[in-house]
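Here's work23.tsv, which has TSV, C-alpha atoms and all ligand atoms:
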```tsv
chain	number	residue	atom	x	y	z
F	1	LEU	CA	37.03	248.96	-182.65
F	2	ASN	CA	39.40	250.85	-180.45
F	3	ALA	CA	38.79	254.60	-180.64
F	4	HIS	CA	42.25	255.21	-179.23
F	5	ALA	CA	44.22	253.37	-181.89
F	6	PRO	CA	46.58	255.82	-183.63
F	7	LYS	CA	48.28	255.00	-186.92
F	8	ARG	CA	51.12	253.15	-185.24
F	9	PRO	CA	50.46	251.15	-182.10
F	10	ARG	CA	52.22	252.45	-179.02
F	11	ILE	CA	54.41	250.16	-176.95
F	12	LEU	CA	55.51	250.66	-173.37
F	13	SER	CA	58.07	248.26	-172.02
F	14	GLY	CA	60.23	248.24	-168.96
F	15	MET	CA	63.10	246.41	-167.33
F	16	ARG	CA	64.40	246.58	-163.82
F	17	PRO	CA	67.91	248.05	-163.71
F	18	THR	CA	69.96	244.88	-163.20
F	19	GLY	CA	73.19	246.06	-164.88
F	20	ARG	CA	74.68	244.48	-167.97
F	21	LEU	CA	72.14	242.42	-169.89
F	22	HIS	CA	72.37	238.72	-170.74
F	23	LEU	CA	71.09	236.57	-173.59
F	24	GLY	CA	67.87	235.91	-171.69
F	25	ASN	CA	67.09	239.64	-171.49
F	26	TYR	CA	67.95	239.95	-175.16
F	27	LEU	CA	65.92	237.04	-176.53
F	28	GLY	CA	63.08	237.51	-174.04
F	29	ALA	CA	62.50	241.20	-174.69
F	30	LEU	CA	65.19	243.46	-176.10
F	31	GLN	CA	65.42	241.79	-179.51
F	32	ASN	CA	61.68	242.29	-179.89
F	33	TRP	CA	61.92	245.96	-178.87
F	34	VAL	CA	64.49	246.54	-181.60
F	35	ALA	CA	62.42	244.64	-184.18
F	36	LEU	CA	59.27	246.62	-183.36
F	37	GLN	CA	60.76	250.11	-183.39
F	38	ASP	CA	59.93	250.83	-187.03
F	39	SER	CA	56.36	249.57	-186.96
F	40	SER	CA	55.31	251.07	-183.65
F	41	GLU	CA	55.93	253.97	-181.35
F	42	ASN	CA	58.03	252.58	-178.51
F	43	LEU	CA	58.86	253.90	-175.08
F	44	HIS	CA	61.40	252.06	-172.94
F	45	MET	CA	61.45	252.56	-169.22
F	46	VAL	CA	64.06	251.80	-166.57
F	47	ALA	CA	61.86	250.37	-163.82
F	48	ASP	CA	63.88	251.62	-160.85
F	49	TRP	CA	60.89	251.86	-158.48
F	50	HIS	CA	60.08	248.25	-159.34
F	51	ALA	CA	63.61	247.25	-158.37
F	52	LEU	CA	62.91	248.49	-154.85
F	53	THR	CA	60.21	245.84	-154.33
F	54	THR	CA	62.87	243.22	-153.65
F	55	ASP	CA	66.03	245.32	-153.35
F	56	TYR	CA	65.08	248.32	-151.26
F	57	GLU	CA	68.08	247.68	-149.02
F	58	HIS	CA	70.63	247.93	-151.84
F	59	VAL	CA	70.14	251.28	-153.52
F	60	ASP	CA	73.84	251.98	-154.26
F	61	GLN	CA	73.69	249.97	-157.45
F	62	LEU	CA	70.59	251.61	-158.95
F	63	ALA	CA	72.39	254.42	-160.79
F	64	PRO	CA	75.37	252.42	-162.15
F	65	ASN	CA	73.09	249.51	-163.10
F	66	THR	CA	70.81	251.92	-164.96
F	67	ILE	CA	73.68	253.24	-167.08
F	68	GLU	CA	75.02	249.74	-167.81
F	69	MET	CA	71.58	248.54	-168.86
F	70	VAL	CA	70.70	251.50	-171.05
F	71	THR	CA	74.14	251.26	-172.69
F	72	ASP	CA	73.22	247.69	-173.65
F	73	TRP	CA	69.81	248.82	-174.96
F	74	LEU	CA	71.44	251.32	-177.28
F	75	ALA	CA	74.26	248.93	-178.21
F	76	ALA	CA	71.67	246.31	-179.20
F	77	GLY	CA	70.05	248.75	-181.61
F	78	ILE	CA	67.49	250.84	-179.73
F	79	ASP	CA	67.54	254.21	-181.46
F	80	PRO	CA	66.72	256.76	-178.76
F	81	GLU	CA	65.55	259.29	-181.37
F	82	LYS	CA	62.82	256.90	-182.49
F	83	SER	CA	62.20	255.25	-179.16
F	84	PRO	CA	62.49	257.39	-176.04
F	85	VAL	CA	64.32	255.77	-173.12
F	86	PHE	CA	63.70	257.12	-169.63
F	87	ILE	CA	63.89	256.41	-165.91
F	88	GLN	CA	60.57	255.70	-164.17
F	89	SER	CA	61.33	257.63	-160.96
F	90	HIS	CA	62.04	260.80	-162.97
F	91	VAL	CA	58.43	260.96	-164.16
F	92	LYS	CA	56.42	261.43	-160.97
F	93	GLU	CA	53.08	260.93	-162.71
F	94	HIS	CA	53.68	257.16	-162.41
F	95	ALA	CA	53.26	257.52	-158.65
F	96	GLU	CA	50.08	259.59	-158.88
F	97	LEU	CA	48.39	257.20	-161.32
F	98	HIS	CA	49.51	254.25	-159.21
F	99	LEU	CA	47.78	255.74	-156.17
F	100	LEU	CA	44.53	256.31	-158.04
F	101	PHE	CA	44.61	252.82	-159.58
F	102	SER	CA	45.24	251.26	-156.18
F	103	MET	CA	41.61	252.07	-155.30
F	104	LEU	CA	40.36	250.04	-158.27
F	105	VAL	CA	41.82	246.67	-157.36
F	106	THR	CA	41.20	244.42	-154.37
F	107	THR	CA	43.93	243.01	-152.17
F	108	SER	CA	42.65	239.48	-152.81
F	109	ARG	CA	43.01	240.04	-156.57
F	110	LEU	CA	46.66	240.97	-156.01
F	111	GLU	CA	47.25	237.99	-153.73
F	112	ARG	CA	46.12	235.66	-156.53
F	113	ASN	CA	48.82	236.91	-158.96
F	114	PRO	CA	50.88	233.79	-159.84
F	115	THR	CA	54.10	235.72	-160.61
F	116	VAL	CA	54.03	237.56	-157.29
F	117	LYS	CA	53.17	234.27	-155.52
F	118	GLU	CA	56.19	232.59	-157.11
F	119	GLN	CA	58.49	235.46	-156.05
F	120	VAL	CA	57.14	235.36	-152.52
F	121	ARG	CA	57.76	231.60	-152.41
F	122	ASP	CA	61.26	231.81	-153.96
F	123	LEU	CA	62.36	234.64	-151.68
F	124	GLU	CA	60.62	233.10	-148.63
F	125	LEU	CA	58.61	236.26	-147.96
F	126	GLU	CA	55.39	234.48	-146.91
F	127	ASP	CA	54.93	236.55	-143.75
F	128	THR	CA	57.00	239.60	-144.68
F	129	VAL	CA	55.92	240.62	-148.18
F	130	SER	CA	55.63	244.41	-148.33
F	131	TYR	CA	52.60	246.41	-149.38
F	132	GLY	CA	54.67	247.83	-152.26
F	133	HIS	CA	55.76	244.40	-153.46
F	134	LEU	CA	52.21	243.03	-153.43
F	135	GLY	CA	51.05	246.13	-155.30
F	136	TYR	CA	53.75	246.42	-157.95
F	137	PRO	CA	51.47	245.03	-160.69
F	138	VAL	CA	49.30	248.10	-160.04
F	139	LEU	CA	52.37	250.32	-160.50
F	140	GLN	CA	53.01	248.41	-163.71
F	141	ALA	CA	49.43	249.12	-164.84
F	142	ALA	CA	50.16	252.82	-164.23
F	143	ASP	CA	53.43	252.54	-166.22
F	144	ILE	CA	51.59	251.11	-169.19
F	145	LEU	CA	48.40	253.18	-169.13
F	146	LEU	CA	50.12	256.50	-168.44
F	147	TYR	CA	51.34	256.26	-172.04
F	148	LYS	CA	48.07	254.72	-173.32
F	149	ALA	CA	50.08	251.82	-174.70
F	150	HIS	CA	48.37	249.20	-176.86
F	151	LEU	CA	51.05	246.53	-176.71
F	152	VAL	CA	53.36	245.34	-173.97
F	153	PRO	CA	56.23	243.13	-175.23
F	154	VAL	CA	57.20	240.93	-172.28
F	155	GLY	CA	58.20	237.46	-171.17
F	156	GLU	CA	55.53	235.03	-170.03
F	157	ASP	CA	56.02	235.78	-166.32
F	158	GLN	CA	54.66	239.30	-166.94
F	159	VAL	CA	51.37	238.25	-168.54
F	160	PRO	CA	49.45	238.23	-165.20
F	161	HIS	CA	50.45	241.88	-164.70
F	162	VAL	CA	49.14	242.82	-168.13
F	163	GLU	CA	45.90	241.03	-167.22
F	164	ILE	CA	45.54	243.24	-164.11
F	165	THR	CA	46.33	246.26	-166.30
F	166	ARG	CA	43.47	245.33	-168.62
F	167	GLU	CA	41.05	244.96	-165.72
F	168	ILE	CA	42.04	248.33	-164.28
F	169	ALA	CA	41.70	250.04	-167.68
F	170	ARG	CA	38.20	248.63	-168.13
F	171	LYS	CA	37.13	249.52	-164.62
F	172	PHE	CA	38.47	253.07	-164.90
F	173	ASN	CA	36.77	253.59	-168.27
F	174	SER	CA	33.43	252.31	-167.06
F	175	LEU	CA	33.49	254.39	-163.86
F	176	TYR	CA	34.87	257.70	-165.13
F	177	GLY	CA	34.68	257.63	-168.93
F	178	GLU	CA	36.82	256.30	-171.76
F	179	VAL	CA	40.39	257.38	-171.12
F	180	PHE	CA	42.48	254.25	-171.63
F	181	PRO	CA	42.96	251.67	-174.38
F	182	VAL	CA	42.90	248.05	-173.12
F	183	PRO	CA	46.44	246.85	-173.86
F	184	ALA	CA	47.61	243.37	-174.88
F	185	ALA	CA	50.75	241.41	-173.97
F	186	ARG	CA	53.03	240.43	-176.82
F	187	LEU	CA	55.24	237.39	-176.19
F	188	THR	CA	58.58	236.91	-177.90
F	189	HIS	CA	59.66	233.75	-179.76
F	190	PHE	CA	61.91	232.87	-176.83
F	191	PRO	CA	59.96	233.76	-173.71
F	192	ARG	CA	62.04	231.32	-171.63
F	193	VAL	CA	65.80	231.14	-172.29
F	194	PRO	CA	67.90	228.52	-170.47
F	195	GLY	CA	71.07	229.53	-168.65
F	196	LEU	CA	74.34	227.56	-168.90
F	197	ASP	CA	73.05	225.08	-166.30
F	198	GLY	CA	69.70	224.51	-168.05
F	199	LYS	CA	67.68	226.49	-165.48
F	200	ARG	CA	66.19	229.84	-166.45
F	201	MET	CA	68.94	232.33	-167.32
F	202	SER	CA	69.13	234.89	-164.55
F	203	LYS	CA	71.75	237.17	-163.05
F	204	SER	CA	71.13	235.88	-159.54
F	205	MET	CA	71.74	232.28	-160.68
F	206	GLY	CA	75.19	233.07	-162.12
F	207	ASN	CA	74.39	231.12	-165.30
F	208	THR	CA	74.43	233.92	-167.87
F	209	ILE	CA	76.22	234.87	-171.06
F	210	LEU	CA	76.32	238.66	-171.28
F	211	LEU	CA	75.73	240.61	-174.47
F	212	SER	CA	79.05	242.33	-173.74
F	213	ASP	CA	81.12	239.18	-173.08
F	214	GLU	CA	84.33	238.98	-175.12
F	215	PRO	CA	84.80	235.95	-177.45
F	216	GLU	CA	87.20	234.20	-175.00
F	217	VAL	CA	84.70	234.60	-172.19
F	218	ILE	CA	81.88	233.27	-174.38
F	219	ALA	CA	84.01	230.25	-175.36
F	220	ALA	CA	84.92	229.50	-171.72
F	221	LYS	CA	81.30	229.79	-170.57
F	222	VAL	CA	79.92	227.72	-173.46
F	223	LYS	CA	82.35	224.90	-172.53
F	224	THR	CA	80.60	224.57	-169.18
F	225	ALA	CA	77.08	224.44	-170.63
F	226	TYR	CA	74.71	221.57	-169.89
F	227	THR	CA	74.29	219.03	-172.70
F	228	ASP	CA	72.69	215.59	-172.96
F	229	PRO	CA	74.32	213.71	-170.04
F	230	LYS	CA	73.82	210.35	-171.80
F	231	LYS	CA	76.00	211.41	-174.71
F	232	ILE	CA	79.43	210.49	-173.35
F	233	ARG	CA	81.62	209.61	-176.31
F	234	VAL	CA	81.87	211.71	-179.48
F	235	ASN	CA	79.96	209.22	-181.57
F	236	ASP	CA	77.18	208.43	-179.10
F	237	PRO	CA	73.84	209.50	-180.55
F	238	GLY	CA	72.57	212.50	-178.56
F	239	ASN	CA	69.22	214.05	-177.67
F	240	PRO	CA	69.14	217.81	-178.31
F	241	ASP	CA	65.88	218.33	-176.35
F	242	GLY	CA	66.96	220.03	-173.14
F	243	CYS	CA	70.49	220.67	-174.45
F	244	VAL	CA	71.44	224.25	-173.74
F	245	ILE	CA	73.80	224.46	-176.71
F	246	PHE	CA	71.01	223.40	-179.03
F	247	ALA	CA	68.64	225.99	-177.55
F	248	TYR	CA	71.15	228.72	-178.38
F	249	HIS	CA	71.65	227.31	-181.88
F	250	ARG	CA	67.93	227.66	-182.42
F	251	ALA	CA	68.01	231.26	-181.24
F	252	PHE	CA	71.17	232.46	-183.00
F	253	ASN	CA	71.86	229.94	-185.74
F	254	GLY	CA	68.29	229.12	-186.77
F	255	GLY	CA	69.07	228.18	-190.38
F	256	ALA	CA	71.48	225.42	-189.37
F	257	ALA	CA	69.52	224.09	-186.40
F	258	SER	CA	67.82	221.17	-188.13
F	259	ALA	CA	71.12	219.90	-189.65
F	260	ILE	CA	72.77	220.17	-186.21
F	261	GLU	CA	69.91	218.30	-184.60
F	262	ALA	CA	70.17	215.50	-187.18
F	263	ALA	CA	73.97	215.23	-186.76
F	264	CYS	CA	73.66	215.14	-182.97
F	265	ARG	CA	70.99	212.41	-183.09
F	266	ALA	CA	73.02	210.41	-185.62
F	267	GLY	CA	76.14	210.58	-183.48
F	268	THR	CA	78.20	212.34	-186.14
F	269	LEU	CA	78.56	215.56	-184.14
F	270	GLY	CA	80.29	215.56	-180.77
F	271	CYS	CA	79.55	218.05	-177.99
F	272	VAL	CA	83.08	219.49	-177.89
F	273	ALA	CA	83.02	220.41	-181.58
F	274	ASP	CA	79.43	221.59	-181.33
F	275	LYS	CA	80.29	223.92	-178.43
F	276	LYS	CA	83.24	225.33	-180.35
F	277	ASP	CA	81.00	226.07	-183.34
F	278	LEU	CA	78.37	227.70	-181.18
F	279	ALA	CA	80.89	229.86	-179.32
F	280	ALA	CA	82.21	231.16	-182.64
F	281	ILE	CA	78.70	231.90	-183.90
F	282	LEU	CA	77.69	233.69	-180.70
F	283	ALA	CA	80.88	235.76	-180.71
F	284	GLU	CA	80.18	236.75	-184.30
F	285	LYS	CA	76.47	237.49	-183.80
F	286	LEU	CA	77.23	239.65	-180.77
F	287	ALA	CA	80.19	241.45	-182.38
F	288	PRO	CA	78.15	244.46	-183.60
F	289	ILE	CA	76.68	244.90	-180.10
F	290	ARG	CA	80.15	244.73	-178.47
F	291	GLU	CA	81.48	247.23	-180.98
F	292	LYS	CA	78.62	249.69	-180.48
F	293	ARG	CA	79.03	249.29	-176.74
F	294	ARG	CA	82.72	250.23	-176.88
F	295	GLU	CA	81.77	253.34	-178.81
F	296	LEU	CA	79.17	254.29	-176.18
F	297	GLU	CA	81.61	253.60	-173.34
F	298	ALA	CA	83.92	256.15	-174.95
F	299	HIS	CA	81.01	258.64	-175.03
F	300	PRO	CA	79.02	258.11	-171.84
F	301	GLU	CA	77.36	261.50	-172.35
F	302	ARG	CA	75.37	259.95	-175.22
F	303	VAL	CA	73.63	257.59	-172.82
F	304	ARG	CA	72.91	260.39	-170.36
F	305	GLU	CA	71.61	262.63	-173.14
F	306	ALA	CA	69.37	259.87	-174.48
F	307	LEU	CA	67.85	259.48	-171.01
F	308	ALA	CA	67.38	263.23	-170.55
F	309	HIS	CA	65.74	263.62	-173.94
F	310	GLY	CA	63.57	260.52	-173.48
F	311	GLU	CA	62.45	261.75	-170.10
F	312	GLU	CA	61.19	264.99	-171.60
F	313	ARG	CA	59.15	263.17	-174.21
F	314	ALA	CA	57.78	260.69	-171.70
F	315	ARG	CA	56.86	263.50	-169.30
F	316	ALA	CA	54.93	265.39	-171.97
F	317	ILE	CA	52.72	262.35	-172.63
F	318	ALA	CA	52.39	261.57	-168.91
F	319	ARG	CA	51.29	265.13	-168.08
F	320	GLU	CA	48.61	265.09	-170.73
F	321	THR	CA	47.24	261.73	-169.60
F	322	MET	CA	47.13	262.87	-165.96
F	323	ARG	CA	45.27	266.00	-166.98
F	324	GLU	CA	42.60	263.77	-168.56
F	325	VAL	CA	42.57	261.42	-165.59
F	326	ARG	CA	42.11	264.21	-163.04
F	327	GLU	CA	39.36	265.73	-165.12
F	328	ALA	CA	37.59	262.38	-165.49
F	329	MET	CA	37.84	261.79	-161.72
F	330	ARG	CA	36.73	265.33	-160.82
F	331	LEU	CA	40.14	266.00	-159.28
F	332	ALA	CA	40.95	268.80	-161.66
R	1	LIG	N1	57.88	244.14	-163.95
R	1	LIG	C1	58.77	244.10	-165.09
R	1	LIG	C2	59.91	243.12	-164.78
R	1	LIG	O1	60.12	242.77	-163.64
R	1	LIG	C3	59.36	245.43	-165.42
R	1	LIG	C4	58.31	246.43	-165.77
R	1	LIG	C5	57.91	247.47	-165.00
R	1	LIG	C6	57.53	246.49	-166.97
R	1	LIG	N2	56.95	248.20	-165.64
R	1	LIG	C7	56.70	247.62	-166.83
R	1	LIG	C8	57.45	245.69	-168.12
R	1	LIG	C9	55.78	247.96	-167.82
R	1	LIG	C10	56.54	246.05	-169.09
R	1	LIG	C11	55.70	247.16	-168.96
R	1	LIG	O2	60.59	242.71	-165.69
```
Starting from the file, give its structure as structure tokens.
Ligand code: TRP
Amino acid sequence: LNAHAPKRPRILSGMRPTGRLHLGNYLGALQNWVALQDSSENLHMVADWHALTTDYEHVDQLAPNTIEMVTDWLAAGIDPEKSPVFIQSHVKEHAELHLLFSMLVTTSRLERNPTVKEQVRDLELEDTVSYGHLGYPVLQAADILLYKAHLVPVGEDQVPHVEITREIARKFNSLYGEVFPVPAARLTHFPRVPGLDGKRMSKSMGNTILLSDEPEVIAAKVKTAYTDPKKIRVNDPGNPDGCVIFAYHRAFNGGAASAIEAACRAGTLGCVADKKDLAAILAEKLAPIREKRRELEAHPERVREALAHGEERARAIARETMREVREAMRLA
């Protein structure tokens, strides 16, 4: 039994400030954050220090991207009164805890992290990976444990970082006394969302549909989406496995998905009509988010106030945890 468990589990989640969010961000994390905000105590962090691991040369976009992203969080239904939103770099305790945790993990442990390995390979950083990039899972452990979170709702690529977080929590507790709960990752139903081209949806790939896209933009993008290449004429039977349109039907039009699958396989539903239907459904499902976003754009002070207020609440928790940490480590 976990002595730290309060009545409602606490959640800490973070996203790098990448600007306006896309369906992959929504289905992979944000939708879950919104769903969990009544049953748990959620804190949502803009991971701006994490963004520096790969983008330390391009700092001009950090502030505008933060505002765009947090606007989407609130537009999608995050209630900042219930769930504080804040910027990592404004709560300096993250840096202090990161430094202390960095003593509790070996460099070879960090070099084995499959997500970091994949990034290093993709970005061709084999001989030039920075100390900060290699160590960002330790910073992430500090992000999570500073708030004594029990659950971390993330996509599957983040699970190795939560594993390191668990190891650090156990090691700290056994060396200095029980301070931290051992948190668990919580995957969403759609941990991997395809982009328009069928590869993973990602801003850098240019294959996204944004939460804020207008209906005409959605329709134009959906037209270009990858479908079964063997289905050429309207009445050819199709295979919805691997079809991007079908993946989005499952996510946004779940109730109708099995009928659509059957019609596609039977050759009674053509891709052009299917895309038109999906575009209309997406436009409708995203309408409340677009509407809320317009309202927030007219009142940008609401986003700034939410961040200022969230920061205060986050800082109060962070201060208290660091007081316990320093005392446990005889640094008080
Ligand atoms: N590393 C995460 C990402 O790249 C962002 C992140 C930073 C995070 N700190 C976190 C996620 C703490 C969950 C919990 O998406």
Check which residues of chain F sit at most 8 Å from ligand LIG 1 (chain R) using all atoms listed in the file, and return one row each with the closest pair of atoms and their distance in Å to one decimal, ordered by chain and rising number, as a tab-separated table.
```
residue	atom	partner	partner_atom	distance
F:Leu12	CA	R:LIG1	C11	5.6
F:Ser13	CA	R:LIG1	C10	4.0
F:Gly14	CA	R:LIG1	C6	3.8
F:Met15	CA	R:LIG1	C3	4.3
F:Arg16	CA	R:LIG1	C3	5.4
F:Met45	CA	R:LIG1	N2	7.2
F:Val46	CA	R:LIG1	C5	7.7
F:Ala47	CA	R:LIG1	C5	5.0
F:His50	CA	R:LIG1	C5	6.1
F:Ala51	CA	R:LIG1	O1	7.7
F:Tyr136	CA	R:LIG1	N1	7.6
F:Pro137	CA	R:LIG1	N1	7.2
F:Leu139	CA	R:LIG1	N2	7.2
F:Gln140	CA	R:LIG1	N2	4.4
F:Ala141	CA	R:LIG1	C9	7.1
F:Asp143	CA	R:LIG1	C9	5.4
F:Ile144	CA	R:LIG1	C9	5.4
F:Val152	CA	R:LIG1	C11	5.8
F:Pro153	CA	R:LIG1	C10	6.8
F:Val154	CA	R:LIG1	C10	6.1
F:Gly155	CA	R:LIG1	O2	8.0
F:Gln158	CA	R:LIG1	N1	6.5
F:His161	CA	R:LIG1	N1	7.8
F:Val162	CA	R:LIG1	C11	7.9
```
Problem set entry | Pick from F:Pro9, F:Gly28, F:Gly310, F:Pro240 nearest to F:Phe190, counting only C-alpha atoms |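 Answer, going by the shortest atom-to-atom distance: F:Gly28.
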For this session: Just the residues within 9 Å of F:His150, please, counting only C-alpha atoms, with nothing from its chain fewer than 3 positions along; format it as a ChimeraX atom specification.
Result: /F:4-5,9-12,144-145,181-185
Write the residues of the preceding selection, restricted to C-alpha atoms, as a PDB file, in the frame of the given file.
```pdb
ATOM      1  CA  HIS F   4      42.250 255.210-179.230  1.00  0.00           C
ATOM      2  CA  ALA F   5      44.220 253.370-181.890  1.00  0.00           C
ATOM      3  CA  PRO F   9      50.460 251.150-182.100  1.00  0.00           C
ATOM      4  CA  ARG F  10      52.220 252.450-179.020  1.00  0.00           C
ATOM      5  CA  ILE F  11      54.410 250.160-176.950  1.00  0.00           C
ATOM      6  CA  LEU F  12      55.510 250.660-173.370  1.00  0.00           C
ATOM      7  CA  ILE F 144      51.590 251.110-169.190  1.00  0.00           C
ATOM      8  CA  LEU F 145      48.400 253.180-169.130  1.00  0.00           C
ATOM      9  CA  PRO F 181      42.960 251.670-174.380  1.00  0.00           C
ATOM     10  CA  VAL F 182      42.900 248.050-173.120  1.00  0.00           C
ATOM     11  CA  PRO F 183      46.440 246.850-173.860  1.00  0.00           C
ATOM     12  CA  ALA F 184      47.610 243.370-174.880  1.00  0.00           C
ATOM     13  CA  ALA F 185      50.750 241.410-173.970  1.00  0.00           C
TER      14      ALA F 185
END
```
Exercise. What's the 10 Å shell around F:Lys199, counting all atoms listed in the file, without same-chain residues fewer than 6 positions away, as number ranges by chain?
Worked result: F: 192-193, 205, 207, 226, 244
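Nearest residue to F:Gly206, choosing from F:Ala259, F:His22, F:Leu282, F:Tyr56 and counting all atoms listed in the file: F:His22.
Of the residues under consideration (F:Leu296, F:Val116, F:Ala256, F:Ala308), F:Val116 shows the shortest atom-to-atom contact distance to F:Tyr131 when counting all atoms listed in the file.
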Problem set entry | Who sits within 8 Å of F:Gly24, only C-alpha atoms, same chain under 6 positions skipped, as a VMD selection string | chain F and resid 192 to 195 201 to 202 208
How would the residues just chosen look if you wrote them out with C-alpha atoms as a short mmCIF file (atom, residue, chain, number, x, y, z; two decimals), in the coordinates of the input?
```cif
data_model
loop_
_atom_site.label_atom_id
_atom_site.label_comp_id
_atom_site.auth_asym_id
_atom_site.auth_seq_id
_atom_site.Cartn_x
_atom_site.Cartn_y
_atom_site.Cartn_z
CA ARG F 192 62.04 231.32 -171.63
CA VAL F 193 65.80 231.14 -172.29
CA PRO F 194 67.90 228.52 -170.47
CA GLY F 195 71.07 229.53 -168.65
CA MET F 201 68.94 232.33 -167.32
CA SER F 202 69.13 234.89 -164.55
CA THR F 208 74.43 233.92 -167.87
#
```
Exercise. How would you write as JSON, numbers by chain the residues that get within 8 Å of (64.1, 247.4, -181.2) in the file's frame, counting all atoms listed in the file?
Worked result: {"F": [30, 31, 32, 33, 34, 35, 36, 37, 38, 76, 77, 78, 79]}
Exercise. Which residue out of F:Tyr26, F:Gly132, F:Gly270, F:Ile67 has the minimum interatomic distance to F:Trp49 when only C-alpha atoms are used?
Worked result: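 Distance minimum relative to F:Trp49 lands on F:Gly132.
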Exercise. Can you list, as a list in words, every protein, DNA or RNA residue that comes within 9 Å of F:Leu110 when you count all atoms listed in the file, leaving out same-chain residues fewer than 2 positions away?
Worked result: Val105, Thr106, Thr107, Ser108, Arg112, Asn113, Val116, Leu134, Gly135, Pro137, Val138 and Ile164 of chain F
For this session: Quote the spacing between atom CA of F:Thr66 and atom CA of F:Pro17 in Å to one decimal place.
Result: 5.0 Å
